[in-house]
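model-v6.cif (mmCIF, C-alpha atoms)
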data_entry
loop_
_atom_site.group_PDB
_atom_site.id
_atom_site.type_symbol
_atom_site.label_atom_id
_atom_site.label_comp_id
_atom_site.auth_asym_id
_atom_site.auth_seq_id
_atom_site.Cartn_x
_atom_site.Cartn_y
_atom_site.Cartn_z
ATOM 1 C CA MET A 22 35.764 -50.340 -6.716
ATOM 2 C CA LYS A 23 32.750 -50.974 -4.522
ATOM 3 C CA LYS A 24 33.306 -47.719 -2.659
ATOM 4 C CA LEU A 25 33.587 -45.831 -5.960
ATOM 5 C CA GLY A 26 30.368 -47.382 -7.238
ATOM 6 C CA LEU A 27 28.489 -46.236 -4.148
ATOM 7 C CA ALA A 28 29.978 -42.769 -4.492
ATOM 8 C CA LEU A 29 28.788 -42.611 -8.072
ATOM 9 C CA MET A 30 25.283 -43.591 -7.078
ATOM 10 C CA SER A 31 25.223 -41.057 -4.238
ATOM 11 C CA LEU A 32 25.931 -38.157 -6.584
ATOM 12 C CA CYS A 33 23.518 -39.501 -9.176
ATOM 13 C CA LEU A 34 20.807 -39.464 -6.512
ATOM 14 C CA LEU A 35 21.563 -35.823 -5.794
ATOM 15 C CA CYS A 36 21.401 -34.917 -9.495
ATOM 16 C CA GLY A 37 17.917 -36.418 -9.575
ATOM 17 C CA LEU A 38 16.854 -34.551 -6.438
ATOM 18 C CA PHE A 39 15.091 -31.735 -8.316
ATOM 19 C CA SER A 40 12.644 -34.064 -10.043
ATOM 20 C CA PHE A 41 12.169 -36.091 -6.868
ATOM 21 C CA LEU A 42 11.310 -33.066 -4.714
ATOM 22 C CA SER A 43 8.893 -31.784 -7.358
ATOM 23 C CA SER A 44 6.847 -34.988 -7.078
ATOM 24 C CA LYS A 45 6.979 -35.508 -3.280
ATOM 25 C CA SER A 46 6.440 -33.099 -0.416
ATOM 26 C CA SER A 47 9.198 -32.435 2.096
ATOM 27 C CA THR A 48 7.282 -34.388 4.736
ATOM 28 C CA GLN A 49 7.171 -37.456 2.504
ATOM 29 C CA SER A 50 10.795 -37.483 1.394
ATOM 30 C CA LYS A 51 13.358 -39.058 3.666
ATOM 31 C CA GLY A 52 16.604 -37.360 4.599
ATOM 32 C CA THR A 53 17.421 -33.659 4.490
ATOM 33 C CA TYR A 54 18.698 -31.249 1.886
ATOM 34 C CA SER A 55 21.851 -30.468 3.828
ATOM 35 C CA GLY A 56 24.580 -30.560 1.215
ATOM 36 C CA LYS A 57 25.635 -34.097 2.081
ATOM 37 C CA PRO A 58 24.548 -37.401 0.507
ATOM 38 C CA TRP A 59 21.715 -38.833 2.584
ATOM 39 C CA ARG A 60 21.229 -42.119 0.795
ATOM 40 C CA SER A 61 23.499 -44.677 -0.947
ATOM 41 C CA LEU A 62 21.954 -47.571 -2.822
ATOM 42 C CA LYS A 63 23.555 -50.949 -3.342
ATOM 43 C CA GLY A 64 23.333 -52.380 -6.819
ATOM 44 C CA PHE A 65 26.460 -51.424 -8.763
ATOM 45 C CA ASN A 66 29.995 -51.974 -7.512
ATOM 46 C CA LEU A 67 31.760 -50.430 -10.506
ATOM 47 C CA GLU A 68 29.710 -47.655 -12.086
ATOM 48 C CA ALA A 69 26.228 -46.157 -12.093
ATOM 49 C CA ALA A 70 26.298 -44.369 -15.435
ATOM 50 C CA HIS A 71 22.711 -43.174 -15.924
ATOM 51 C CA VAL A 72 19.919 -42.588 -13.413
ATOM 52 C CA GLU A 73 16.397 -41.205 -13.628
ATOM 53 C CA PHE A 74 13.399 -40.822 -11.322
ATOM 54 C CA SER A 75 9.976 -41.648 -12.682
ATOM 55 C CA PRO A 76 7.855 -38.475 -13.089
ATOM 56 C CA ASP A 77 5.653 -39.384 -10.109
ATOM 57 C CA GLY A 78 8.682 -40.045 -7.905
ATOM 58 C CA LYS A 79 7.675 -43.677 -7.411
ATOM 59 C CA TRP A 80 10.816 -45.309 -8.833
ATOM 60 C CA LEU A 81 14.475 -44.626 -9.378
ATOM 61 C CA ALA A 82 16.053 -46.441 -12.316
ATOM 62 C CA GLY A 83 19.777 -46.711 -12.929
ATOM 63 C CA ALA A 84 21.901 -48.245 -15.667
ATOM 64 C CA GLY A 85 25.405 -49.342 -14.766
ATOM 65 C CA GLN A 86 27.852 -52.175 -14.421
ATOM 66 C CA ASN A 87 29.241 -54.582 -11.852
ATOM 67 C CA GLN A 88 32.669 -56.136 -11.743
ATOM 68 C CA ILE A 89 32.306 -59.913 -11.730
ATOM 69 C CA TRP A 90 34.461 -63.031 -12.061
ATOM 70 C CA ARG A 91 33.727 -65.758 -14.573
ATOM 71 C CA THR A 92 35.015 -69.310 -14.294
ATOM 72 C CA VAL A 93 36.302 -70.775 -17.562
ATOM 73 C CA LYS A 94 37.909 -74.076 -18.397
ATOM 74 C CA THR A 95 40.601 -74.232 -21.088
ATOM 75 C CA ASN A 96 42.922 -77.162 -21.799
ATOM 76 C CA GLY A 97 41.676 -78.896 -18.692
ATOM 77 C CA LYS A 98 42.551 -75.966 -16.452
ATOM 78 C CA VAL A 99 40.002 -73.884 -14.561
ATOM 79 C CA ARG A 100 40.639 -70.160 -14.426
ATOM 80 C CA LYS A 101 38.788 -67.109 -13.134
ATOM 81 C CA LEU A 102 38.584 -64.109 -15.443
ATOM 82 C CA GLN A 103 37.550 -60.614 -14.496
ATOM 83 C CA ASP A 104 34.558 -59.316 -16.452
ATOM 84 C CA SER A 105 31.769 -56.727 -16.351
ATOM 85 C CA ALA A 106 28.024 -57.340 -16.146
ATOM 86 C CA TYR A 107 25.664 -54.577 -17.274
ATOM 87 C CA SER A 108 22.106 -54.050 -16.099
ATOM 88 C CA THR A 109 19.321 -51.583 -15.403
ATOM 89 C CA LYS A 110 18.067 -51.633 -11.823
ATOM 90 C CA VAL A 111 14.856 -50.160 -10.428
ATOM 91 C CA TRP A 112 14.382 -49.097 -6.789
ATOM 92 C CA ASP A 113 11.171 -48.271 -4.933
ATOM 93 C CA ALA A 114 11.693 -44.605 -3.938
ATOM 94 C CA ALA A 115 9.495 -44.997 -0.841
ATOM 95 C CA THR A 116 11.437 -47.894 0.689
ATOM 96 C CA TRP A 117 14.626 -47.746 -1.441
ATOM 97 C CA LYS A 118 14.391 -51.503 -1.959
ATOM 98 C CA LEU A 119 15.628 -52.960 -5.235
ATOM 99 C CA ILE A 120 12.548 -54.283 -7.028
ATOM 100 C CA LYS A 121 13.788 -55.190 -10.512
ATOM 101 C CA THR A 122 16.990 -55.956 -12.420
ATOM 102 C CA LEU A 123 16.952 -55.879 -16.223
ATOM 103 C CA PRO A 124 20.105 -57.478 -17.721
ATOM 104 C CA LEU A 125 21.872 -55.519 -20.480
ATOM 105 C CA LYS A 126 24.535 -56.450 -23.006
ATOM 106 C CA ASP A 127 26.279 -53.101 -22.727
ATOM 107 C CA SER A 128 25.936 -49.702 -21.070
ATOM 108 C CA GLY A 129 23.298 -47.308 -22.337
ATOM 109 C CA ASP A 130 20.768 -44.599 -21.551
ATOM 110 C CA ILE A 131 17.346 -44.833 -19.856
ATOM 111 C CA ALA A 132 14.189 -42.697 -19.948
ATOM 112 C CA PHE A 133 10.772 -42.846 -18.298
ATOM 113 C CA SER A 134 7.716 -41.743 -20.248
ATOM 114 C CA SER A 135 5.988 -38.625 -18.900
ATOM 115 C CA ASP A 136 3.048 -40.665 -17.574
ATOM 116 C CA GLY A 137 5.400 -43.194 -15.968
ATOM 117 C CA LYS A 138 3.900 -46.148 -17.857
ATOM 118 C CA TRP A 139 7.053 -46.971 -19.837
ATOM 119 C CA LEU A 140 10.769 -47.240 -19.227
ATOM 120 C CA ALA A 141 12.936 -47.090 -22.349
ATOM 121 C CA VAL A 142 16.384 -48.700 -22.133
ATOM 122 C CA LEU A 143 19.148 -48.248 -24.710
ATOM 123 C CA SER A 144 21.776 -50.971 -25.037
ATOM 124 C CA GLN A 145 23.876 -52.211 -27.963
ATOM 125 C CA MET A 146 22.128 -50.100 -30.570
ATOM 126 C CA ARG A 147 18.631 -51.194 -29.562
ATOM 127 C CA VAL A 148 15.970 -49.555 -27.394
ATOM 128 C CA THR A 149 13.612 -51.828 -25.457
ATOM 129 C CA ILE A 150 10.371 -50.451 -24.019
ATOM 130 C CA HIS A 151 9.292 -51.926 -20.677
ATOM 131 C CA GLN A 152 5.835 -51.382 -19.193
ATOM 132 C CA THR A 153 6.255 -50.393 -15.559
ATOM 133 C CA THR A 154 3.342 -52.498 -14.295
ATOM 134 C CA ASP A 155 5.376 -55.707 -14.609
ATOM 135 C CA TRP A 156 8.586 -54.524 -16.386
ATOM 136 C CA LYS A 157 7.898 -56.757 -19.393
ATOM 137 C CA ILE A 158 9.108 -55.686 -22.845
ATOM 138 C CA ILE A 159 6.281 -54.395 -25.039
ATOM 139 C CA ALA A 160 8.340 -53.064 -27.973
ATOM 140 C CA GLY A 161 11.848 -52.879 -29.402
ATOM 141 C CA VAL A 162 13.387 -50.293 -31.708
ATOM 142 C CA GLY A 163 16.674 -50.653 -33.569
ATOM 143 C CA VAL A 164 18.974 -47.639 -33.244
ATOM 144 C CA PRO A 165 19.862 -46.285 -36.705
ATOM 145 C CA THR A 166 23.510 -46.288 -37.752
ATOM 146 C CA SER A 167 25.406 -43.161 -36.797
ATOM 147 C CA LYS A 168 26.845 -40.732 -39.329
ATOM 148 C CA ASN A 169 30.347 -42.160 -38.953
ATOM 149 C CA GLY A 170 29.141 -45.759 -38.896
ATOM 150 C CA LEU A 171 30.458 -46.387 -35.383
ATOM 151 C CA GLY A 172 27.040 -46.659 -33.779
ATOM 152 C CA LEU A 173 27.762 -44.177 -30.981
ATOM 153 C CA LEU A 174 25.536 -44.522 -27.942
ATOM 154 C CA THR A 175 23.128 -41.620 -27.826
ATOM 155 C CA ASP A 176 20.518 -39.933 -25.655
ATOM 156 C CA ILE A 177 16.879 -41.003 -25.562
ATOM 157 C CA GLN A 178 13.894 -38.924 -24.396
ATOM 158 C CA PHE A 179 10.107 -39.152 -24.533
ATOM 159 C CA SER A 180 8.146 -36.076 -25.559
ATOM 160 C CA PRO A 181 5.986 -34.555 -22.761
ATOM 161 C CA GLN A 182 2.872 -35.925 -24.488
ATOM 162 C CA ASP A 183 4.521 -39.381 -24.838
ATOM 163 C CA ASP A 184 3.613 -39.502 -28.532
ATOM 164 C CA VAL A 185 7.253 -39.480 -29.652
ATOM 165 C CA LEU A 186 10.483 -41.118 -28.525
ATOM 166 C CA ALA A 187 13.619 -39.277 -29.616
ATOM 167 C CA ILE A 188 16.627 -41.531 -30.197
ATOM 168 C CA GLY A 189 19.252 -38.951 -31.015
ATOM 169 C CA SER A 190 18.124 -37.289 -34.244
ATOM 170 C CA HIS A 191 15.560 -40.013 -34.974
ATOM 171 C CA LEU A 192 11.940 -39.558 -33.899
ATOM 172 C CA ILE A 193 9.875 -42.684 -33.261
ATOM 173 C CA SER A 194 6.074 -42.914 -32.982
ATOM 174 C CA THR A 195 5.032 -44.479 -29.677
ATOM 175 C CA THR A 196 1.786 -45.650 -31.288
ATOM 176 C CA THR A 197 3.416 -47.861 -33.912
ATOM 177 C CA TRP A 198 7.052 -47.788 -32.684
ATOM 178 C CA LEU A 199 8.027 -46.953 -36.273
ATOM 179 C CA PRO A 200 10.127 -43.979 -37.479
ATOM 180 C CA LEU A 201 8.334 -40.662 -37.974
ATOM 181 C CA ARG A 202 11.208 -38.573 -39.273
ATOM 182 C CA GLN A 203 14.827 -37.605 -38.749
ATOM 183 C CA VAL A 204 16.164 -34.109 -38.175
ATOM 184 C CA THR A 205 19.335 -33.315 -40.128
ATOM 185 C CA THR A 206 22.024 -32.673 -37.537
ATOM 186 C CA THR A 207 25.609 -31.627 -38.194
ATOM 187 C CA SER A 208 26.983 -34.676 -36.364
ATOM 188 C CA ASP A 209 25.898 -37.622 -34.245
ATOM 189 C CA VAL A 210 23.693 -36.529 -31.342
ATOM 190 C CA ASN A 211 24.988 -36.690 -27.771
ATOM 191 C CA SER A 212 21.971 -35.149 -26.026
ATOM 192 C CA VAL A 213 18.310 -34.334 -26.758
ATOM 193 C CA ALA A 214 15.626 -32.335 -24.934
ATOM 194 C CA PHE A 215 11.961 -31.496 -25.560
ATOM 195 C CA SER A 216 10.280 -28.293 -24.414
ATOM 196 C CA ASN A 217 7.403 -28.824 -21.971
ATOM 197 C CA ASP A 218 4.823 -27.907 -24.607
ATOM 198 C CA GLY A 219 6.236 -30.645 -26.845
ATOM 199 C CA LYS A 220 6.712 -28.329 -29.836
ATOM 200 C CA THR A 221 10.458 -27.760 -29.669
ATOM 201 C CA LEU A 222 13.311 -30.268 -29.788
ATOM 202 C CA VAL A 223 16.935 -29.397 -29.070
ATOM 203 C CA THR A 224 19.861 -31.589 -30.086
ATOM 204 C CA GLY A 225 23.430 -31.322 -28.812
ATOM 205 C CA GLY A 226 26.008 -32.801 -31.165
ATOM 206 C CA TRP A 227 29.293 -34.559 -30.667
ATOM 207 C CA ASP A 228 30.810 -31.655 -32.627
ATOM 208 C CA GLY A 229 29.511 -29.132 -30.064
ATOM 209 C CA VAL A 230 26.801 -27.752 -32.352
ATOM 210 C CA VAL A 231 23.411 -27.195 -30.689
ATOM 211 C CA GLN A 232 20.351 -27.082 -32.943
ATOM 212 C CA VAL A 233 16.808 -25.997 -32.092
ATOM 213 C CA TRP A 234 14.011 -27.653 -34.086
ATOM 214 C CA ASP A 235 10.343 -27.554 -34.855
ATOM 215 C CA TRP A 236 10.373 -31.317 -34.864
ATOM 216 C CA ILE A 237 6.880 -31.659 -36.356
ATOM 217 C CA THR A 238 8.009 -30.020 -39.614
ATOM 218 C CA GLY A 239 11.694 -30.908 -39.260
ATOM 219 C CA LYS A 240 12.603 -27.211 -39.651
ATOM 220 C CA GLU A 241 15.746 -25.956 -37.919
ATOM 221 C CA LEU A 242 14.846 -22.820 -35.961
ATOM 222 C CA SER A 243 18.292 -21.771 -34.744
ATOM 223 C CA ARG A 244 21.834 -22.976 -34.191
ATOM 224 C CA LEU A 245 24.585 -22.179 -31.683
ATOM 225 C CA GLN A 246 27.872 -23.665 -30.539
ATOM 226 C CA HIS A 247 28.951 -24.132 -26.937
ATOM 227 C CA ALA A 248 32.302 -25.813 -27.562
ATOM 228 C CA LYS A 249 33.847 -28.169 -30.102
ATOM 229 C CA ALA A 250 33.044 -31.492 -28.481
ATOM 230 C CA SER A 251 30.014 -33.468 -27.261
ATOM 231 C CA THR A 252 27.453 -31.144 -25.724
ATOM 232 C CA LYS A 253 24.638 -31.692 -23.212
ATOM 233 C CA VAL A 254 21.396 -29.744 -23.556
ATOM 234 C CA GLN A 255 18.418 -28.951 -21.308
ATOM 235 C CA ILE A 256 15.381 -26.649 -21.704
ATOM 236 C CA SER A 257 13.982 -24.682 -18.767
ATOM 237 C CA PRO A 258 10.450 -25.585 -17.572
ATOM 238 C CA ASP A 259 8.988 -22.412 -19.097
ATOM 239 C CA GLY A 260 10.725 -23.060 -22.422
ATOM 240 C CA LYS A 261 12.544 -19.710 -22.437
ATOM 241 C CA LEU A 262 16.081 -20.785 -21.554
ATOM 242 C CA LEU A 263 18.390 -23.342 -23.105
ATOM 243 C CA ALA A 264 21.251 -24.763 -21.018
ATOM 244 C CA THR A 265 24.379 -26.271 -22.564
ATOM 245 C CA ALA A 266 27.466 -27.953 -21.153
ATOM 246 C CA CYS A 267 30.498 -29.843 -22.423
ATOM 247 C CA PHE A 268 32.958 -32.231 -20.793
ATOM 248 C CA ASN A 269 35.976 -30.216 -22.047
ATOM 249 C CA HIS A 270 34.631 -26.773 -21.126
ATOM 250 C CA SER A 271 34.568 -25.617 -17.499
ATOM 251 C CA ALA A 272 31.471 -23.404 -17.801
ATOM 252 C CA ALA A 273 27.841 -24.245 -18.437
ATOM 253 C CA LYS A 274 25.863 -21.617 -20.340
ATOM 254 C CA LEU A 275 22.280 -20.402 -20.442
ATOM 255 C CA TRP A 276 20.876 -19.030 -23.703
ATOM 256 C CA ASP A 277 17.715 -17.200 -24.696
ATOM 257 C CA ILE A 278 16.117 -19.947 -26.775
ATOM 258 C CA SER A 279 14.231 -17.477 -28.992
ATOM 259 C CA THR A 280 17.234 -15.306 -29.913
ATOM 260 C CA GLY A 281 20.166 -17.686 -29.455
ATOM 261 C CA GLN A 282 21.973 -15.108 -27.266
ATOM 262 C CA ALA A 283 23.996 -16.209 -24.236
ATOM 263 C CA VAL A 284 22.523 -14.743 -21.027
ATOM 264 C CA GLN A 285 24.370 -16.467 -18.169
ATOM 265 C CA SER A 286 27.462 -18.583 -17.496
ATOM 266 C CA PHE A 287 28.165 -20.890 -14.539
ATOM 267 C CA LYS A 288 31.690 -22.171 -13.910
ATOM 268 C CA GLY A 289 30.773 -25.639 -12.725
ATOM 269 C CA GLY A 290 34.087 -27.203 -13.771
ATOM 270 C CA SER A 291 37.720 -26.173 -13.387
ATOM 271 C CA ASP A 292 40.883 -25.427 -15.369
ATOM 272 C CA SER A 293 44.176 -26.610 -13.855
ATOM 273 C CA LEU A 294 47.736 -25.943 -15.000
ATOM 274 C CA THR A 295 49.776 -29.157 -15.083
ATOM 275 C CA PRO A 296 53.229 -30.051 -16.466
ATOM 276 C CA LEU A 297 51.397 -31.244 -19.586
ATOM 277 C CA GLY A 298 49.484 -27.992 -19.967
ATOM 278 C CA ILE A 299 46.012 -26.821 -18.962
ATOM 279 C CA VAL A 300 43.685 -29.662 -18.010
ATOM 280 C CA THR A 301 39.958 -28.904 -18.025
ATOM 281 C CA MET A 302 37.450 -30.726 -15.866
ATOM 282 C CA GLY A 303 34.271 -29.838 -17.684
ATOM 283 C CA VAL A 304 30.581 -30.040 -16.853
ATOM 284 C CA ASP A 305 29.124 -33.504 -17.424
ATOM 285 C CA ALA A 306 25.485 -32.970 -16.411
ATOM 286 C CA ILE A 307 23.034 -30.071 -16.036
ATOM 287 C CA ALA A 308 19.448 -29.630 -14.830
ATOM 288 C CA PHE A 309 16.864 -26.941 -14.011
ATOM 289 C CA SER A 310 14.747 -26.951 -10.863
ATOM 290 C CA PRO A 311 10.984 -27.204 -11.569
ATOM 291 C CA ASP A 312 10.481 -23.555 -10.497
ATOM 292 C CA LYS A 313 13.358 -22.401 -12.775
ATOM 293 C CA LYS A 314 14.969 -20.527 -9.894
ATOM 294 C CA SER A 315 17.891 -22.948 -9.496
ATOM 295 C CA PHE A 316 20.304 -24.659 -11.839
ATOM 296 C CA VAL A 317 22.638 -27.597 -11.201
ATOM 297 C CA THR A 318 26.028 -28.367 -12.749
ATOM 298 C CA GLU A 319 27.962 -31.584 -12.191
ATOM 299 C CA SER A 320 31.675 -31.874 -12.846
ATOM 300 C CA GLY A 321 34.171 -34.638 -12.185
ATOM 301 C CA ASP A 322 34.600 -33.924 -8.485
ATOM 302 C CA ALA A 323 31.604 -31.865 -7.367
ATOM 303 C CA MET A 324 28.025 -30.852 -8.034
ATOM 304 C CA ARG A 325 26.948 -27.241 -7.611
ATOM 305 C CA ILE A 326 23.475 -25.748 -7.279
ATOM 306 C CA TRP A 327 23.193 -22.154 -8.474
ATOM 307 C CA ASP A 328 20.713 -19.318 -8.070
ATOM 308 C CA ILE A 329 19.899 -18.446 -11.691
ATOM 309 C CA LYS A 330 19.051 -14.791 -11.016
ATOM 310 C CA SER A 331 22.181 -13.897 -9.036
ATOM 311 C CA GLY A 332 24.585 -16.482 -10.440
ATOM 312 C CA GLN A 333 25.642 -17.401 -6.895
ATOM 313 C CA ILE A 334 26.165 -20.942 -5.573
ATOM 314 C CA PHE A 335 23.555 -22.299 -3.138
ATOM 315 C CA HIS A 336 25.256 -25.612 -2.335
ATOM 316 C CA THR A 337 28.307 -27.610 -3.362
ATOM 317 C CA PHE A 338 28.251 -31.394 -3.073
ATOM 318 C CA HIS A 339 31.618 -33.156 -3.092
ATOM 319 C CA GLY A 340 32.085 -36.772 -4.058
ATOM 320 C CA VAL A 341 33.557 -39.483 -1.883
ATOM 321 C CA SER A 342 36.314 -40.689 -4.216
ATOM 322 C CA GLY A 343 37.247 -40.851 -7.860
ATOM 323 C CA ARG A 344 35.489 -39.321 -10.830
ATOM 324 C CA LEU A 345 31.782 -38.865 -10.327
ATOM 325 C CA SER A 346 28.990 -39.298 -12.818
ATOM 326 C CA ALA A 347 25.400 -38.147 -13.118
#
Conversion result in structure tokens:
Amino acid sequence: MKKLGLALMSLCLLCGLFSFLSSKSSTQSKGTYSGKPWRSLKGFNLEAAHVEFSPDGKWLAGAGQNQIWRTVKTNGKVRKLQDSAYSTKVWDAATWKLIKTLPLKDSGDIAFSSDGKWLAVLSQMRVTIHQTTDWKIIAGVGVPTSKNGLGLLTDIQFSPQDDVLAIGSHLISTTTWLPLRQVTTTSDVNSVAFSNDGKTLVTGGWDGVVQVWDWITGKELSRLQHAKASTKVQISPDGKLLATACFNHSAAKLWDISTGQAVQSFKGGSDSLTPLGIVTMGVDAIAFSPDKKSFVTESGDAMRIWDIKSGQIFHTFHGVSGRLSA
């Protein structure tokens, strides 16, 4: 389990490499971009589920879980029970030393504000806002009940201007930490993304429906469907392309955000024929490079970096063992 946890963190570090390299020069960053993991961080021995670099490249935050043993006493007998402990951990990206551990009650998502002053952490249907000067909690926001009442964990993102925090389809003011409005999605939201100018919001639903919004008015601008299951979304830095991916579809797609037309497809996953039928290893994570020339897809066993113009693969990163996450 410990080896798997380190493998998970290694690939997560690579998925965050684009944002890291955009904030630090090549002479400042340690290691090389050689196609192999150059850094593994200790902190989680079971899973590192979500990771994110701060916009200035100063910190790396990760949410995950550790396998632990608890000692309990029942009927006069002492027993050890296996359990999981969840937390968010923050590393100094200059020294890679662990500087803070924030205990969680369950797994969840994390997001830095664009100015790096806040870290939002989602856990058990509540988002806590930590100021990054001392990591103290300055606000808390309850996550609204999902459409099906199950309270599905969702994606959280700050707007580029840091005036809004999107919690799925719910938009929260960062001045008052009170709700501003909700966009009417077709299902619970699995992924959200703001355009760099802050005017456009894209939501990817658990039903595979992707909706593009003018979030200020709440008007739906367009709608498309990548697959029929939970979909990830990302907007290119120039706001012209929309990327989508799904865990049960082997290809990630790029769309013209203004017309809703598909313009490119990247087979970042795989389809395998088994005795039980075709098994698809889909694309779990996607990201654009800051210059919009490259695109990354992450599947269960590998991460691939593509040249957007030619559609060719630059690099393939393979995991150490087990299913990888990003």
Expected answer as number ranges by chain: all residues with atoms within 7 Å of (22.3, -47.1, -13.4), all atoms listed in the file:
A: 69-72, 82-85, 109-110
Got a sec to resolve the PyMOL selection byres ((chain A and resi 217) around 12) on this structure and send the residues as a PyMOL selection string?
chain A and resi 135+179-183+214-216+218-223+255-262+311
List the spatial neighbours of Gln86 in chain A as a short mmCIF file (atom, residue, chain, number, x, y, z; two decimals) with C-alpha atoms, in the coordinates of the input - criterion: any atom at most 8 Å away, only C-alpha atoms, same-chain residues fewer than 6 positions off excluded.
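The resulting part.cif:
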data_model
loop_
_atom_site.label_atom_id
_atom_site.label_comp_id
_atom_site.auth_asym_id
_atom_site.auth_seq_id
_atom_site.Cartn_x
_atom_site.Cartn_y
_atom_site.Cartn_z
CA PHE A 65 26.46 -51.42 -8.76
CA ASN A 66 30.00 -51.97 -7.51
CA LEU A 67 31.76 -50.43 -10.51
CA GLU A 68 29.71 -47.66 -12.09
CA ALA A 69 26.23 -46.16 -12.09
CA SER A 105 31.77 -56.73 -16.35
CA ALA A 106 28.02 -57.34 -16.15
CA TYR A 107 25.66 -54.58 -17.27
CA SER A 108 22.11 -54.05 -16.10
CA SER A 128 25.94 -49.70 -21.07
#
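Going from CA of Ala273 in chain A to CA of Leu297 in chain A covers 24.6 Å.
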Any idea what the distance is between CA of Lys249 in chain A and CA of Asp228 in chain A?
5.3 Å
Exactly which residues make up the result of the PyMOL selection byres ((chain A and resi 250) around 9) on this file, given as a PyMOL selection string?
chain A and resi 226-230+247-249+251-252+267-270
Please produce a file of the residues just selected, as a tab-separated table (two decimals), keeping the file's coordinate frame, where the atoms kept are C-alpha atoms.
chain	number	residue	atom	x	y	z
A	226	GLY	CA	26.01	-32.80	-31.16
A	227	TRP	CA	29.29	-34.56	-30.67
A	228	ASP	CA	30.81	-31.66	-32.63
A	229	GLY	CA	29.51	-29.13	-30.06
A	230	VAL	CA	26.80	-27.75	-32.35
A	247	HIS	CA	28.95	-24.13	-26.94
A	248	ALA	CA	32.30	-25.81	-27.56
A	249	LYS	CA	33.85	-28.17	-30.10
A	251	SER	CA	30.01	-33.47	-27.26
A	252	THR	CA	27.45	-31.14	-25.72
A	267	CYS	CA	30.50	-29.84	-22.42
A	268	PHE	CA	32.96	-32.23	-20.79
A	269	ASN	CA	35.98	-30.22	-22.05
A	270	HIS	CA	34.63	-26.77	-21.13
Quick one: distance from CA of Arg202 in chain A to CA of Asp305 in chain A in Å, one decimal?
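Computing it gives 28.7 Å between the two atoms.
Selection result for the displayed file, with the PyMOL selection byres ((chain A and resi 189) around 6) as criterion, is A:Thr175, A:Asp176, A:Ala187, A:Ile188, A:Ser190, A:His191, A:Val210.
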List the neighbours of Ile329 in chain A out to 6 Å using all atoms listed in the file; skip same-chain residues closer than 2 positions along the sequence, and give me the result as a PyMOL selection string.
chain A and resi 314-315+327+331-332
Test item: residues at most 6 Å from range 111-114 of chain A, only C-alpha atoms, excluding those fewer than 5 positions along its chain, as a PDB file with C-alpha atoms, in the coordinates of the input:
ATOM      1  CA  LYS A  79       7.675 -43.677  -7.411  1.00  0.00           C
ATOM      2  CA  TRP A  80      10.816 -45.309  -8.833  1.00  0.00           C
ATOM      3  CA  LEU A  81      14.475 -44.626  -9.378  1.00  0.00           C
ATOM      4  CA  ALA A  82      16.053 -46.441 -12.316  1.00  0.00           C
ATOM      5  CA  LEU A 119      15.628 -52.960  -5.235  1.00  0.00           C
ATOM      6  CA  ILE A 120      12.548 -54.283  -7.028  1.00  0.00           C
ATOM      7  CA  LYS A 121      13.788 -55.190 -10.512  1.00  0.00           C
TER       8      LYS A 121
END
With all atoms listed in the file as the counted atoms, please give the residues lying no more than 6 Å from Ser320 in chain A, apart from itself and same-chain residues fewer than 4 positions off, as an MDAnalysis selection string.
chainID A and resid 290 303:305
Write the residues of the preceding selection, restricted to C-alpha atoms, as a CSV table (one decimal), in the coordinates of the input.
chain,number,residue,atom,x,y,z
A,290,GLY,CA,34.1,-27.2,-13.8
A,303,GLY,CA,34.3,-29.8,-17.7
A,304,VAL,CA,30.6,-30.0,-16.9
A,305,ASP,CA,29.1,-33.5,-17.4
Applying 7 Å and all atoms listed in the file, which residues near range 239-246 of chain A remain after dropping the ones on its own chain fewer than 2 positions away? List them as a ChimeraX atom specification.
/A:204,229-237,248,281
Nearest residue to Ile131 in chain A from the set A:His151, A:Lys118, A:Lys94, A:Lys274 (distances using all atoms listed in the file)
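Among A:His151, A:Lys118, A:Lys94, A:Lys274, it is A:His151 that comes nearest to Ile131 in chain A.
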Box time for range 130-134 of chain A: axis-aligned, enclosing all its listed atoms, 4 Å extra on each side; report centre and edge lengths in Å to one decimal, as lines of an AutoDock Vina configuration file.
center_x = 14.2
center_y = -43.3
center_z = -19.9
size_x = 21.1
size_y = 11.1
size_z = 11.3
